[in-house]
Structures are given as C-alpha cells and as structure tokens.
Amino acid sequence: MRLYPAIDIKDGKCVRLKKGLFNEVTVYSDEPYKIAKQFEADGAHFIHTVDLDGALKGRSVNAATIEKIVKSVSIPVQLGGGIRTLENIKEVLDLGVYRAIIGTKAVENPDFIREAIDKFGAEHIVVGIDAKDGYVAIEGWEKLSDKTAVNMALAMKEMGVQTIVYTDISKDGMLTGPNVEQTKILSDKTGIDIIASGGMSCMDDLENIYNAGIHGAIIGKAIYEKRIVLKDAVAKYEA
C-alpha cells in the first residue's frame with residue numbers, strides 16, 4: 001500500500017479543514033515546505049498537496065508555496081485544487097509537480113480527461129472524486145452533481161485514468177475513520193488504483209484499507225494530531 005501524507009495549503013500556510021468547510025480552519029504551519037521535508041525524512045515515498053484557495057477560485061493560487069515544497073524534497077508530489085484547463089496542468093507540471101489531480105472539470109467535461117492524458121500521459125493525471133452520500137461533489141465541495149461515484153469512476157477508467165483519489169466529504173478532517181466499504185466498491189468495480197482520502201484517524205484505519213486491497217491512503221490531520229506516526233506507518237505498510 002502507498003501512503004500519501006497530506007499538506008493542504010491556504011494563504012501559503014499548511015492547514016486542515018473540517019468537512020471541507022472554509023470557516024473550520026486549523027493552521028499547522030506557516031512553512032509547508034518544512035512539513036514536506038519531515039515527511040520525506042520519515043520515509044514517505046509520495047506527498048499529496050491541495051491548493052484550497054485554488055479549489056474555490058478555479059485557478060492555482062499558491063504556486064510559489066507549492067514550488068517551494070516540490071524543490072525541498074526529492075520524492076514526487078501530487079497536487080489538486082483549481083486545475084481546470086490544459087494550461088493549468090502544464091503550469092503545475094512545470095512547477096515540478098509529478099501528478100495533477102483534476103476534480104470539478106472531470107465531472108463537468110469527462111472528455112477533458114482524455115485530452116489531458118493524450119497530452120501529458122496517464123501517469124501525470126489523477127482524477128479526484130469527492131462524494132457525499134454516494135454522489136459526486138464539485139467546486140470545492142460547494143455543490144453536489146447528479147453523478148454517482150461508481151459511475152464516475154467507471155467513466156474515468158474508459159478515458160484511460162489509472163489513479164483516482166476518492167474522498168468521502170463527511171469523513172474529511174473528522175478523524176472518524178475512512179469509508180472503507182465505499183472505497184473498496186470503487187476499487188473492486190474499476191480495478192484501477194484508488195487512493196482513499198478522508199477520515200484516517202489511527203493505524204487501525206490504515207489496516208482496514210490495507211486489508212480491503214485498496215491501493216493507497218491519504219493521511220492528513222491524524223499525522224498533525226499525532227494519532228498516526230508516519231515513520232511507523234511507512235515501516236508497516238510500505239516496507
């Protein structure tokens with residue numbers, strides 16, 4: 001299993017939100033690149049980052065912060081938040097980001113994903129499916145679409161997508177455990193790499209994801225609140 005320690009960026013700082021609510025913010029660091037360096041020192045093989053301002057505004061906002069993170073580590077970084085055009089993807093990859101995560105645009109225009117894969121390669125394009133009650137949310141989680149997560153994932157597979165980040169919004173930042181059942185359904189029905197996101201709170205949660213045969217897990221708040229020791233988790237699940 002691949003572990004993805006997370007850095008969510010708002011106003012250039014490392015923060016966490018509760019259930020994606022922008023008025024429920026906890027700031028963990030004014031220097032996110034230092035957190036990235038620590039993640040690498042703890043053995044992480046990949047870092048997950050989100051430009052929260054970008055997700056709301058539909059364009060990259062924290063580019064300088066993200067570039068600093070990328071340049072401070074030698075492991076690959078993936079980034080989501082506000083990536084909605086081919087030009088956005090190019091800008092992000094030019095910063096040194098390895099994988100661009102596309103959410104809203106993938107829901108609104110699935111053919112865009114095919115174009116992106118044709119232009120940049122499937123290894124550099126990840127689709128983010130954020131769901132609430134089984135339905136896909138868009139625009140920084142502000143709106144619910146009429147698409148189910150499973151149908152969306154299958155459509156993305158048709159487009160050539162190899163990796164999906166699946167977030168259960170109701171679990172995000174709540175430390176109540178991930179939605180293993182729903183994530184396993186996506187994994188089993190698509191046969192592609194699904195990264196579970198939202199709600200990781202302890203090693204037992206990682207164990208459940210691991211036992212369900214799911215490709216990866218994003219860990220955010222649990223690391224910052226010292227409920228999961230990244231070094232121990234990497235040793236147990238990635239060795």
# chains A, B, ... in the order shown; residues from 1 in each chain; ligands from 1
>>> residues_around(residues="Thr183 (chain A)", least_positions_apart="2", cutoff="8 Å", atoms="only C-alpha atoms", output="PyMOL selection string")
chain A and resi 166+179-181+185-187+194+196+214
>>> residues_around(residues="region 30-46 of chain A", least_positions_apart="3", cutoff="6 Å", atoms="only C-alpha atoms", output="number ranges by chain")
A: 4, 13-14, 69, 73, 75-77, 231
>>> write_last_selection(atoms="N, CA and C atoms", output="short mmCIF file (atom, residue, chain, number, x, y, z; two decimals), in the first residue's frame")
data_model
loop_
_atom_site.label_atom_id
_atom_site.label_comp_id
_atom_site.auth_asym_id
_atom_site.auth_seq_id
_atom_site.Cartn_x
_atom_site.Cartn_y
_atom_site.Cartn_z
N TYR A 4 0.14 8.46 1.48
CA TYR A 4 0.27 9.81 0.94
C TYR A 4 0.04 10.83 2.05
N LYS A 13 -0.15 28.76 3.86
CA LYS A 13 0.09 28.02 5.11
C LYS A 13 -0.45 26.60 5.01
N CYS A 14 0.10 25.73 5.86
CA CYS A 14 -0.38 24.35 5.95
C CYS A 14 -1.54 24.32 6.93
N ILE A 69 7.71 23.61 -1.93
CA ILE A 69 7.56 22.24 -1.41
C ILE A 69 8.26 21.25 -2.35
N VAL A 73 12.06 18.65 -1.61
CA VAL A 73 12.09 17.18 -1.45
C VAL A 73 12.51 16.51 -2.75
N ILE A 75 11.19 13.36 -3.40
CA ILE A 75 10.11 12.41 -3.72
C ILE A 75 9.03 13.13 -4.53
N PRO A 76 8.21 12.38 -5.29
CA PRO A 76 7.19 13.04 -6.11
C PRO A 76 6.06 13.65 -5.28
N VAL A 77 5.47 14.69 -5.86
CA VAL A 77 4.37 15.41 -5.22
C VAL A 77 3.18 15.42 -6.18
N LYS A 231 6.37 7.58 10.32
CA LYS A 231 7.51 6.66 10.21
C LYS A 231 7.08 5.21 10.48
#
>>> closest_residue(among="A:Leu17, A:Ile7, A:Met203, A:Ile209", to="Lys226 (chain A)", atoms="only C-alpha atoms")
A:Met203
>>> closest_atom_pairs(of="region 159-198 of chain A", to="region 104-112 of chain A", cutoff="12 Å", atoms="only C-alpha atoms", output="Markdown table")
| residue | atom | partner | partner_atom | distance |
| --- | --- | --- | --- | --- |
| A:Met159 | CA | A:Asp111 | CA | 7.4 |
| A:Gly160 | CA | A:Asp111 | CA | 10.7 |
| A:Val161 | CA | A:Pro110 | CA | 10.8 |
| A:Ile164 | CA | A:Ala106 | CA | 11.3 |
>>> write_last_selection(atoms="N, CA and C atoms", output="PDB file, in the first residue's frame")
ATOM      1  N   MET A 159     -11.673   6.580 -20.000  1.00  0.00           N
ATOM      2  CA  MET A 159     -10.849   7.668 -20.546  1.00  0.00           C
ATOM      3  C   MET A 159      -9.351   7.372 -20.425  1.00  0.00           C
ATOM      4  N   GLY A 160      -9.012   6.289 -19.746  1.00  0.00           N
ATOM      5  CA  GLY A 160      -7.600   5.932 -19.612  1.00  0.00           C
ATOM      6  C   GLY A 160      -6.992   6.273 -18.265  1.00  0.00           C
ATOM      7  N   VAL A 161      -7.827   6.702 -17.322  1.00  0.00           N
ATOM      8  CA  VAL A 161      -7.332   7.056 -15.985  1.00  0.00           C
ATOM      9  C   VAL A 161      -6.831   5.816 -15.256  1.00  0.00           C
ATOM     10  N   ILE A 164      -7.264   7.166  -9.069  1.00  0.00           N
ATOM     11  CA  ILE A 164      -8.333   8.044  -8.580  1.00  0.00           C
ATOM     12  C   ILE A 164      -8.141   8.278  -7.088  1.00  0.00           C
TER      13      ILE A 164
END
>>> residues_around(residues="Ile66 (chain A)", least_positions_apart="4", cutoff="8 Å", atoms="only C-alpha atoms", output="ChimeraX atom specification")
/A:62,70,95
>>> write_last_selection(atoms="C-alpha atoms", output="short mmCIF file (atom, residue, chain, number, x, y, z; two decimals), in the first residue's frame")
data_model
loop_
_atom_site.label_atom_id
_atom_site.label_comp_id
_atom_site.auth_asym_id
_atom_site.auth_seq_id
_atom_site.Cartn_x
_atom_site.Cartn_y
_atom_site.Cartn_z
CA ASN A 62 -0.47 29.08 -4.05
CA VAL A 70 8.49 20.43 -4.63
CA LEU A 95 6.47 23.73 -11.14
#
>>> atom_distance(atom1="CA of Ile117 (chain A)", atom2="CA of Thr65 (chain A)")
25.9 Å
>>> select_by_dssp(residues="region 139-224 of chain A", states="strand (DSSP E)", output="PyMOL selection string")
chain A and resi 143-148+163-168+193-197+216-219
>>> residues_around(residues="Thr167 (chain A)", least_positions_apart="6", cutoff="9 Å", atoms="only C-alpha atoms", output="PyMOL selection string")
chain A and resi 128-132+178-179+183+195-199
>>> closest_residue(among="A:Asp133, A:Glu123, A:Val92, A:Val27", to="Gln182 (chain A)", atoms="only C-alpha atoms")
A:Asp133
>>> residues_around(residues="Val15 (chain A)", least_positions_apart="4", cutoff="9 Å", atoms="only C-alpha atoms", output="PyMOL selection string")
chain A and resi 7-10+25-30
>>> write_last_selection(atoms="N, CA and C atoms", output="compact mmCIF listing (two decimals), in the first residue's frame")
# COMPACT_ATOMS: atom_id res chain seq x y z
N ILE A 7 -0.54 17.75 2.64
CA ILE A 7 -0.34 19.16 3.00
C ILE A 7 -1.42 19.96 2.28
N ASP A 8 -2.37 20.49 3.04
CA ASP A 8 -3.40 21.35 2.47
C ASP A 8 -2.96 22.80 2.65
N ILE A 9 -3.02 23.57 1.57
CA ILE A 9 -2.46 24.93 1.59
C ILE A 9 -3.56 25.97 1.43
N LYS A 10 -3.56 26.92 2.37
CA LYS A 10 -4.46 28.07 2.28
C LYS A 10 -3.66 29.30 2.70
N VAL A 25 -11.06 26.16 10.00
CA VAL A 25 -9.65 26.03 9.61
C VAL A 25 -8.75 25.92 10.84
N THR A 26 -7.81 24.96 10.78
CA THR A 26 -6.74 24.90 11.78
C THR A 26 -5.42 25.08 11.04
N VAL A 27 -4.61 26.04 11.48
CA VAL A 27 -3.29 26.26 10.85
C VAL A 27 -2.24 25.43 11.60
N TYR A 28 -1.49 24.62 10.84
CA TYR A 28 -0.46 23.78 11.46
C TYR A 28 0.96 24.30 11.23
N SER A 29 1.15 25.06 10.15
CA SER A 29 2.50 25.58 9.90
C SER A 29 2.44 26.75 8.92
N ASP A 30 3.31 27.74 9.16
CA ASP A 30 3.46 28.85 8.21
C ASP A 30 4.46 28.50 7.11
>>> atom_distance(atom1="CA of Ile219 (chain A)", atom2="CA of Pro5 (chain A)")
4.8 Å
